[in-house]
Structures are given as C-alpha cells and as structure tokens.
file work30.pdb (PDB, C-alpha atoms, pLDDT in the B column)
ATOM      1  CA  MET W   1       3.357  39.511 -54.821  1.00 36.00           C
ATOM      2  CA  PRO W   2       3.198  39.839 -58.633  1.00 32.00           C
ATOM      3  CA  SER W   3       1.446  37.270 -60.760  1.00 34.00           C
ATOM      4  CA  HIS W   4       3.551  35.301 -63.188  1.00 32.00           C
ATOM      5  CA  ASP W   5       3.192  32.482 -65.694  1.00 37.00           C
ATOM      6  CA  VAL W   6       4.758  29.069 -65.344  1.00 36.00           C
ATOM      7  CA  GLY W   7       5.502  26.607 -68.127  1.00 44.00           C
ATOM      8  CA  SER W   8       3.069  23.787 -68.870  1.00 45.00           C
ATOM      9  CA  GLY W   9       5.601  21.126 -67.789  1.00 49.00           C
ATOM     10  CA  ARG W  10       6.020  22.823 -64.442  1.00 52.00           C
ATOM     11  CA  ARG W  11       2.225  23.108 -64.115  1.00 48.00           C
ATOM     12  CA  ARG W  12       1.874  19.377 -64.739  1.00 47.00           C
ATOM     13  CA  ARG W  13       4.546  18.558 -62.123  1.00 47.00           C
ATOM     14  CA  LEU W  14       2.904  20.891 -59.629  1.00 46.00           C
ATOM     15  CA  ALA W  15      -0.553  19.411 -60.325  1.00 45.00           C
ATOM     16  CA  LEU W  16       0.866  15.929 -59.709  1.00 42.00           C
ATOM     17  CA  ALA W  17       2.488  17.156 -56.499  1.00 46.00           C
ATOM     18  CA  LEU W  18      -0.838  18.601 -55.303  1.00 44.00           C
ATOM     19  CA  LEU W  19      -2.553  15.304 -56.117  1.00 42.00           C
ATOM     20  CA  ALA W  20       0.136  13.445 -54.174  1.00 44.00           C
ATOM     21  CA  LEU W  21      -0.442  15.788 -51.227  1.00 43.00           C
ATOM     22  CA  ALA W  22      -4.144  15.060 -51.351  1.00 44.00           C
ATOM     23  CA  LEU W  23      -3.483  11.307 -51.348  1.00 39.00           C
ATOM     24  CA  MET W  24      -0.700  11.362 -48.740  1.00 41.00           C
ATOM     25  CA  PRO W  25      -3.023  11.156 -45.699  1.00 41.00           C
ATOM     26  CA  LEU W  26      -4.606   8.009 -47.117  1.00 36.00           C
ATOM     27  CA  LEU W  27      -1.196   6.463 -47.696  1.00 37.00           C
ATOM     28  CA  LEU W  28       0.184   7.511 -44.316  1.00 37.00           C
ATOM     29  CA  GLY W  29      -2.996   6.911 -42.328  1.00 38.00           C
ATOM     30  CA  GLN W  30      -2.979  10.417 -40.831  1.00 40.00           C
ATOM     31  CA  GLN W  31      -6.464  11.078 -39.514  1.00 37.00           C
ATOM     32  CA  GLU W  32      -6.081  14.859 -39.272  1.00 42.00           C
ATOM     33  CA  CYS W  33      -5.709  15.059 -43.057  1.00 41.00           C
ATOM     34  CA  SER W  34      -8.304  12.510 -44.088  1.00 35.00           C
ATOM     35  CA  ILE W  35      -8.746  12.177 -47.855  1.00 32.00           C
ATOM     36  CA  SER W  36     -12.534  12.063 -47.413  1.00 37.00           C
ATOM     37  CA  GLY W  37     -12.433  15.454 -45.747  1.00 43.00           C
ATOM     38  CA  PRO W  38     -10.906  17.106 -42.742  1.00 53.00           C
ATOM     39  CA  PRO W  39     -11.925  15.856 -39.299  1.00 62.00           C
ATOM     40  CA  SER W  40     -14.431  17.899 -37.382  1.00 76.00           C
ATOM     41  CA  HIS W  41     -11.918  19.950 -35.325  1.00 83.00           C
ATOM     42  CA  ILE W  42     -10.056  21.053 -38.461  1.00 92.00           C
ATOM     43  CA  THR W  43     -13.300  21.892 -40.276  1.00 93.00           C
ATOM     44  CA  TYR W  44     -14.391  23.815 -37.179  1.00 94.00           C
ATOM     45  CA  GLU W  45     -11.166  25.876 -37.143  1.00 97.00           C
ATOM     46  CA  GLU W  46     -11.421  26.549 -40.893  1.00 97.00           C
ATOM     47  CA  ASN W  47     -15.008  27.757 -40.537  1.00 97.00           C
ATOM     48  CA  ARG W  48     -14.228  29.874 -37.492  1.00 98.00           C
ATOM     49  CA  ALA W  49     -11.253  31.566 -39.156  1.00 98.00           C
ATOM     50  CA  PHE W  50     -13.317  32.232 -42.294  1.00 98.00           C
ATOM     51  CA  ASP W  51     -16.117  33.690 -40.165  1.00 98.00           C
ATOM     52  CA  PHE W  52     -13.696  35.877 -38.178  1.00 98.00           C
ATOM     53  CA  VAL W  53     -12.232  37.240 -41.445  1.00 98.00           C
ATOM     54  CA  ASN W  54     -15.725  38.046 -42.717  1.00 98.00           C
ATOM     55  CA  GLN W  55     -16.583  39.773 -39.424  1.00 98.00           C
ATOM     56  CA  GLU W  56     -13.550  42.020 -39.985  1.00 98.00           C
ATOM     57  CA  ARG W  57     -14.611  42.795 -43.561  1.00 98.00           C
ATOM     58  CA  ILE W  58     -18.182  43.609 -42.535  1.00 98.00           C
ATOM     59  CA  ALA W  59     -16.949  45.778 -39.630  1.00 98.00           C
ATOM     60  CA  ASN W  60     -14.937  47.731 -42.225  1.00 98.00           C
ATOM     61  CA  GLY W  61     -17.888  48.236 -44.585  1.00 98.00           C
ATOM     62  CA  LEU W  62     -16.946  45.488 -47.051  1.00 98.00           C
ATOM     63  CA  PRO W  63     -19.038  42.552 -48.243  1.00 98.00           C
ATOM     64  CA  ALA W  64     -18.299  39.129 -46.827  1.00 98.00           C
ATOM     65  CA  LEU W  65     -16.010  36.877 -48.839  1.00 98.00           C
ATOM     66  CA  ILE W  66     -17.756  34.005 -50.609  1.00 98.00           C
ATOM     67  CA  PRO W  67     -16.361  30.550 -49.795  1.00 98.00           C
ATOM     68  CA  HIS W  68     -14.823  28.877 -52.833  1.00 98.00           C
ATOM     69  CA  ALA W  69     -14.177  25.121 -52.787  1.00 97.00           C
ATOM     70  CA  TYR W  70     -11.262  25.136 -55.258  1.00 98.00           C
ATOM     71  CA  LEU W  71      -9.513  27.933 -53.373  1.00 98.00           C
ATOM     72  CA  ALA W  72     -10.065  25.956 -50.156  1.00 98.00           C
ATOM     73  CA  ASN W  73      -8.474  22.884 -51.758  1.00 98.00           C
ATOM     74  CA  VAL W  74      -5.383  24.923 -52.708  1.00 98.00           C
ATOM     75  CA  ALA W  75      -5.252  26.405 -49.192  1.00 98.00           C
ATOM     76  CA  ARG W  76      -5.615  22.998 -47.510  1.00 98.00           C
ATOM     77  CA  ALA W  77      -2.933  21.443 -49.687  1.00 98.00           C
ATOM     78  CA  HIS W  78      -0.483  24.202 -48.784  1.00 98.00           C
ATOM     79  CA  SER W  79      -1.239  23.985 -45.051  1.00 98.00           C
ATOM     80  CA  ARG W  80      -0.797  20.205 -45.171  1.00 97.00           C
ATOM     81  CA  ASP W  81       2.448  20.533 -47.103  1.00 98.00           C
ATOM     82  CA  MET W  82       3.837  22.965 -44.514  1.00 98.00           C
ATOM     83  CA  ALA W  83       2.825  20.622 -41.675  1.00 97.00           C
ATOM     84  CA  TRP W  84       4.253  17.503 -43.356  1.00 96.00           C
ATOM     85  CA  ARG W  85       7.503  19.088 -44.504  1.00 97.00           C
ATOM     86  CA  ASN W  86       7.932  21.264 -41.407  1.00 96.00           C
ATOM     87  CA  TYR W  87       8.292  24.697 -42.980  1.00 98.00           C
ATOM     88  CA  PHE W  88       6.321  27.932 -42.857  1.00 98.00           C
ATOM     89  CA  ALA W  89       6.468  30.078 -45.997  1.00 98.00           C
ATOM     90  CA  HIS W  90       4.505  31.263 -49.016  1.00 98.00           C
ATOM     91  CA  VAL W  91       7.084  29.565 -51.257  1.00 98.00           C
ATOM     92  CA  ASN W  92       7.503  25.838 -50.672  1.00 98.00           C
ATOM     93  CA  PRO W  93      10.893  24.067 -50.624  1.00 98.00           C
ATOM     94  CA  ASP W  94      10.441  23.254 -54.328  1.00 98.00           C
ATOM     95  CA  GLY W  95      10.211  26.957 -55.178  1.00 98.00           C
ATOM     96  CA  ASP W  96       6.465  27.065 -55.884  1.00 98.00           C
ATOM     97  CA  GLY W  97       4.519  30.045 -54.580  1.00 98.00           C
ATOM     98  CA  PRO W  98       0.824  30.931 -54.274  1.00 98.00           C
ATOM     99  CA  PHE W  99       0.393  31.834 -57.943  1.00 98.00           C
ATOM    100  CA  ASP W 100       2.065  28.593 -59.038  1.00 98.00           C
ATOM    101  CA  ARG W 101      -0.381  26.635 -56.856  1.00 98.00           C
ATOM    102  CA  LEU W 102      -3.371  28.492 -58.312  1.00 98.00           C
ATOM    103  CA  ALA W 103      -2.134  27.882 -61.870  1.00 98.00           C
ATOM    104  CA  ALA W 104      -1.582  24.175 -61.154  1.00 98.00           C
ATOM    105  CA  ALA W 105      -5.164  23.953 -59.892  1.00 98.00           C
ATOM    106  CA  GLY W 106      -6.407  25.606 -63.098  1.00 97.00           C
ATOM    107  CA  ILE W 107      -7.656  28.699 -61.269  1.00 98.00           C
ATOM    108  CA  THR W 108      -7.544  31.984 -63.145  1.00 97.00           C
ATOM    109  CA  TYR W 109      -8.192  35.314 -61.444  1.00 97.00           C
ATOM    110  CA  ARG W 110      -8.034  39.078 -61.790  1.00 97.00           C
ATOM    111  CA  ALA W 111      -6.540  39.478 -58.313  1.00 98.00           C
ATOM    112  CA  ALA W 112      -5.215  36.890 -55.860  1.00 98.00           C
ATOM    113  CA  GLY W 113      -3.433  36.773 -52.530  1.00 98.00           C
ATOM    114  CA  GLU W 114      -2.551  34.499 -49.647  1.00 98.00           C
ATOM    115  CA  ASN W 115      -2.313  34.814 -45.864  1.00 98.00           C
ATOM    116  CA  LEU W 116      -0.467  32.301 -43.665  1.00 98.00           C
ATOM    117  CA  ALA W 117      -0.470  31.786 -39.909  1.00 98.00           C
ATOM    118  CA  PHE W 118       0.920  29.223 -37.484  1.00 98.00           C
ATOM    119  CA  ASN W 119       0.170  28.887 -33.795  1.00 98.00           C
ATOM    120  CA  ASN W 120      -0.327  26.339 -31.040  1.00 96.00           C
ATOM    121  CA  HIS W 121      -2.842  28.364 -29.049  1.00 96.00           C
ATOM    122  CA  PRO W 122      -5.997  26.734 -27.557  1.00 94.00           C
ATOM    123  CA  ASN W 123      -8.045  29.131 -29.736  1.00 96.00           C
ATOM    124  CA  PRO W 124      -6.051  28.838 -32.979  1.00 97.00           C
ATOM    125  CA  ALA W 125      -8.531  30.445 -35.414  1.00 98.00           C
ATOM    126  CA  ARG W 126      -9.017  33.581 -33.297  1.00 98.00           C
ATOM    127  CA  VAL W 127      -5.251  33.951 -32.767  1.00 98.00           C
ATOM    128  CA  ALA W 128      -4.562  33.490 -36.491  1.00 98.00           C
ATOM    129  CA  VAL W 129      -7.051  36.164 -37.565  1.00 98.00           C
ATOM    130  CA  ASN W 130      -5.973  38.563 -34.793  1.00 98.00           C
ATOM    131  CA  GLY W 131      -2.398  38.174 -36.014  1.00 98.00           C
ATOM    132  CA  TRP W 132      -3.435  38.887 -39.583  1.00 98.00           C
ATOM    133  CA  MET W 133      -5.388  41.971 -38.571  1.00 98.00           C
ATOM    134  CA  ASN W 134      -2.379  43.280 -36.624  1.00 98.00           C
ATOM    135  CA  SER W 135      -0.056  42.850 -39.620  1.00 98.00           C
ATOM    136  CA  PRO W 136      -0.342  45.538 -42.329  1.00 98.00           C
ATOM    137  CA  GLY W 137       0.135  43.201 -45.319  1.00 97.00           C
ATOM    138  CA  HIS W 138      -2.207  40.509 -44.041  1.00 98.00           C
ATOM    139  CA  ARG W 139      -4.799  43.110 -43.041  1.00 98.00           C
ATOM    140  CA  GLU W 140      -4.566  44.593 -46.532  1.00 98.00           C
ATOM    141  CA  ASN W 141      -5.409  41.193 -48.050  1.00 98.00           C
ATOM    142  CA  ILE W 142      -8.399  40.739 -45.741  1.00 98.00           C
ATOM    143  CA  LEU W 143      -9.723  44.226 -46.514  1.00 98.00           C
ATOM    144  CA  PHE W 144      -8.861  44.318 -50.238  1.00 98.00           C
ATOM    145  CA  GLU W 145     -12.064  45.189 -52.114  1.00 98.00           C
ATOM    146  CA  ALA W 146     -11.066  43.291 -55.270  1.00 98.00           C
ATOM    147  CA  PHE W 147     -11.100  39.983 -53.381  1.00 98.00           C
ATOM    148  CA  THR W 148     -14.581  38.494 -53.561  1.00 98.00           C
ATOM    149  CA  HIS W 149     -13.941  34.806 -52.838  1.00 98.00           C
ATOM    150  CA  ALA W 150     -11.632  32.870 -50.544  1.00 98.00           C
ATOM    151  CA  GLY W 151     -10.738  29.427 -49.327  1.00 98.00           C
ATOM    152  CA  MET W 152      -9.395  28.523 -45.900  1.00 98.00           C
ATOM    153  CA  GLY W 153      -7.175  25.542 -45.207  1.00 98.00           C
ATOM    154  CA  VAL W 154      -5.980  24.352 -41.809  1.00 98.00           C
ATOM    155  CA  ALA W 155      -3.626  21.493 -40.997  1.00 97.00           C
ATOM    156  CA  TYR W 156      -2.680  20.117 -37.600  1.00 95.00           C
ATOM    157  CA  ASP W 157       0.920  18.994 -37.217  1.00 94.00           C
ATOM    158  CA  GLY W 158       0.305  16.419 -34.480  1.00 91.00           C
ATOM    159  CA  ASN W 159       2.373  18.409 -31.965  1.00 92.00           C
ATOM    160  CA  GLY W 160      -0.175  21.068 -31.039  1.00 93.00           C
ATOM    161  CA  GLY W 161       0.518  23.363 -34.005  1.00 96.00           C
ATOM    162  CA  TYR W 162      -2.019  24.629 -36.536  1.00 97.00           C
ATOM    163  CA  TYR W 163      -1.055  25.879 -39.998  1.00 98.00           C
ATOM    164  CA  PHE W 164      -3.553  28.288 -41.572  1.00 98.00           C
ATOM    165  CA  THR W 165      -3.622  29.270 -45.249  1.00 98.00           C
ATOM    166  CA  GLN W 166      -6.240  31.597 -46.686  1.00 98.00           C
ATOM    167  CA  VAL W 167      -6.264  32.042 -50.455  1.00 98.00           C
ATOM    168  CA  PHE W 168      -8.131  35.063 -51.853  1.00 98.00           C
ATOM    169  CA  ALA W 169      -9.289  35.723 -55.402  1.00 98.00           C
ATOM    170  CA  GLY W 170     -11.353  38.155 -57.386  1.00 98.00           C
ATOM    171  CA  TRP W 171     -12.656  37.687 -60.914  1.00 95.00           C
TER
END

call {"tool": "encode", "arguments": {"input": "work30.pdb", "output": "structure tokens"}}
result
Amino acid sequence: MPSHDVGSGRRRRLALALLALALMPLLLGQQECSISGPPSHITYEENRAFDFVNQERIANGLPALIPHAYLANVARAHSRDMAWRNYFAHVNPDGDGPFDRLAAAGITYRAAGENLAFNNHPNPARVAVNGWMNSPGHRENILFEAFTHAGMGVAYDGNGGYYFTQVFAGW
C-alpha cells in the first residue's frame, strides 16, 4: 500500500478519533479494553503473537522485530475500532487507512505496513500468525528486511472473536 500525505485538519480529526477510541472503554466500562492497559489475556495474546512473528523472522535468517510502544498503541486502537464497529479491514468506515493512523499518531517512517487477522480459535495468536505466514502478502510483511520495529494490538469482541493488528515500521 503506498504512503500518502493527509491534510492537517484531517490529521487533527483522526487524532481526536484515536483519543476517543482510547477513552471509549472507560466510558463504556468494557473491561477487555481497559484504559489503564489491556487485561492479562489480551496482553498474553499480544505477546504470544509478537513472539511467534519473531520466531518466523529468526527461522528465516532475519533479526527479531523490536517492540515499539507507539506502534502498539496504533495497532490496539485499530483492533478495538474493528471490534467496536464490527468490521474487518485495513481502511476503517471513515476512510482512514494504516498510513493515516500512523500520521495521526505523529509517527514518521521510511517503510511501514500492517497485518490484520480475526479468529475465534482457542489458540488465537498461533492461528493468526499461521494465517499470516500462509498468505503471501502478510508473509512478505513479516519477512520484510526494512521493517525493524512493530507493535501488536489485540481486541476481544465479547463473542469469542479476537482482532489482531500488527503495525510494522522501519526508520
């Protein structure tokens, strides 16, 4: 997906939308998206998926990705948005894509990408990463040498489904 610039007014609106997404769990009382941090089972799935991705990179002779907190915040916000608004796509219903979300968060990069997964499997992180590795485009993101950092975000929809977003960047 090519990078593109968005106007400053659109960036401000998107930044406010991301802030609203971060505050929504507090306002709605949804434990799985706690404003103070994700509950332990979500954190566990995020860490497992990140570790599985790094195992794939190492097995293919690449260095492990470095966790990046700001990328994780962007990834979590997108996973939560998909769970709350019941959609599954790189571009949200407002028309904002991965590069818009990075720009709104003030993140610049040389290279960036995003992988998404959804499943309701008892082992959601393993299934998500297996799916990515069996998909040429997702596999390419995981094994792209220019990506040095990543953030993983997982949201639980309350009905057994897990939304995974991994945001990659290289500087």

call {"tool": "residues_around", "arguments": {"input": "work30.pdb", "residues": "Val154 in chain W", "least_positions_apart": "3", "cutoff": "12 Å", "atoms": "only C-alpha atoms", "output": "PDB file with C-alpha atoms, in the coordinates of the input"}}
result
ATOM      1  CA  GLU W  32      -6.081  14.859 -39.272  1.00 42.00           C
ATOM      2  CA  CYS W  33      -5.709  15.059 -43.057  1.00 41.00           C
ATOM      3  CA  GLY W  37     -12.433  15.454 -45.747  1.00 43.00           C
ATOM      4  CA  PRO W  38     -10.906  17.106 -42.742  1.00 53.00           C
ATOM      5  CA  PRO W  39     -11.925  15.856 -39.299  1.00 62.00           C
ATOM      6  CA  SER W  40     -14.431  17.899 -37.382  1.00 76.00           C
ATOM      7  CA  HIS W  41     -11.918  19.950 -35.325  1.00 83.00           C
ATOM      8  CA  ILE W  42     -10.056  21.053 -38.461  1.00 92.00           C
ATOM      9  CA  THR W  43     -13.300  21.892 -40.276  1.00 93.00           C
ATOM     10  CA  TYR W  44     -14.391  23.815 -37.179  1.00 94.00           C
ATOM     11  CA  GLU W  45     -11.166  25.876 -37.143  1.00 97.00           C
ATOM     12  CA  GLU W  46     -11.421  26.549 -40.893  1.00 97.00           C
ATOM     13  CA  ASN W  47     -15.008  27.757 -40.537  1.00 97.00           C
ATOM     14  CA  ARG W  48     -14.228  29.874 -37.492  1.00 98.00           C
ATOM     15  CA  ALA W  49     -11.253  31.566 -39.156  1.00 98.00           C
ATOM     16  CA  PHE W  50     -13.317  32.232 -42.294  1.00 98.00           C
ATOM     17  CA  ALA W  72     -10.065  25.956 -50.156  1.00 98.00           C
ATOM     18  CA  ASN W  73      -8.474  22.884 -51.758  1.00 98.00           C
ATOM     19  CA  VAL W  74      -5.383  24.923 -52.708  1.00 98.00           C
ATOM     20  CA  ALA W  75      -5.252  26.405 -49.192  1.00 98.00           C
ATOM     21  CA  ARG W  76      -5.615  22.998 -47.510  1.00 98.00           C
ATOM     22  CA  ALA W  77      -2.933  21.443 -49.687  1.00 98.00           C
ATOM     23  CA  HIS W  78      -0.483  24.202 -48.784  1.00 98.00           C
ATOM     24  CA  SER W  79      -1.239  23.985 -45.051  1.00 98.00           C
ATOM     25  CA  ARG W  80      -0.797  20.205 -45.171  1.00 97.00           C
ATOM     26  CA  ASP W  81       2.448  20.533 -47.103  1.00 98.00           C
ATOM     27  CA  MET W  82       3.837  22.965 -44.514  1.00 98.00           C
ATOM     28  CA  ALA W  83       2.825  20.622 -41.675  1.00 97.00           C
ATOM     29  CA  ASN W 115      -2.313  34.814 -45.864  1.00 98.00           C
ATOM     30  CA  LEU W 116      -0.467  32.301 -43.665  1.00 98.00           C
ATOM     31  CA  ALA W 117      -0.470  31.786 -39.909  1.00 98.00           C
ATOM     32  CA  PHE W 118       0.920  29.223 -37.484  1.00 98.00           C
ATOM     33  CA  ASN W 119       0.170  28.887 -33.795  1.00 98.00           C
ATOM     34  CA  PRO W 124      -6.051  28.838 -32.979  1.00 97.00           C
ATOM     35  CA  ALA W 125      -8.531  30.445 -35.414  1.00 98.00           C
ATOM     36  CA  ALA W 128      -4.562  33.490 -36.491  1.00 98.00           C
ATOM     37  CA  GLY W 151     -10.738  29.427 -49.327  1.00 98.00           C
ATOM     38  CA  ASP W 157       0.920  18.994 -37.217  1.00 94.00           C
ATOM     39  CA  GLY W 161       0.518  23.363 -34.005  1.00 96.00           C
ATOM     40  CA  TYR W 162      -2.019  24.629 -36.536  1.00 97.00           C
ATOM     41  CA  TYR W 163      -1.055  25.879 -39.998  1.00 98.00           C
ATOM     42  CA  PHE W 164      -3.553  28.288 -41.572  1.00 98.00           C
ATOM     43  CA  THR W 165      -3.622  29.270 -45.249  1.00 98.00           C
ATOM     44  CA  GLN W 166      -6.240  31.597 -46.686  1.00 98.00           C
ATOM     45  CA  VAL W 167      -6.264  32.042 -50.455  1.00 98.00           C
TER      46      VAL W 167
END

call {"tool": "atom_distance", "arguments": {"input": "work30.pdb", "atom1": "CA of Phe147 in chain W", "atom2": "CA of Phe168 in chain W"}}
result
5.9 Å

call {"tool": "closest_residue", "arguments": {"input": "work30.pdb", "among": "W:Phe88, W:Met133, W:Pro63, W:Ala69", "to": "Ala155 in chain W", "atoms": "only C-alpha atoms"}}
result
W:Phe88

call {"tool": "axis_aligned_box", "arguments": {"input": "work30.pdb", "around": "range 120-137 of chain W", "padding_each_side": "8 Å", "output": "lines of an AutoDock Vina configuration file"}}
result
center_x = -4.4
center_y = 35.9
center_z = -36.4
size_x = 25.2
size_y = 35.2
size_z = 33.8

call {"tool": "closest_residue", "arguments": {"input": "work30.pdb", "among": "W:Asp51, W:Leu71, W:Glu56, W:Leu62", "to": "Arg139 in chain W", "atoms": "all atoms listed in the file"}}
result
W:Glu56

call {"tool": "residues_around", "arguments": {"input": "work30.pdb", "residues": "range 142-146 of chain W", "least_positions_apart": "4", "cutoff": "8 Å", "atoms": "only C-alpha atoms", "output": "list in words"}}
result
Val53, Glu56, Arg57, Asn60, Leu62, Ala111, Met133, His138, Ala169 and Gly170 of chain W

call {"tool": "atom_distance", "arguments": {"input": "work30.pdb", "atom1": "CA of Tyr70 in chain W", "atom2": "CA of Tyr109 in chain W"}}
result
12.3 Å

call {"tool": "atom_distance", "arguments": {"input": "work30.pdb", "atom1": "CA of Trp171 in chain W", "atom2": "CA of Gly113 in chain W"}}
result
12.5 Å

call {"tool": "closest_residue", "arguments": {"input": "work30.pdb", "among": "W:Asp100, W:Gly106, W:Asn159, W:Glu114", "to": "Glu140 in chain W", "atoms": "all atoms listed in the file"}}
result
W:Glu114

call {"tool": "closest_residue", "arguments": {"input": "work30.pdb", "among": "W:Asn92, W:Trp84, W:Ile58, W:His68", "to": "Tyr156 in chain W", "atoms": "all atoms listed in the file"}}
result
W:Trp84
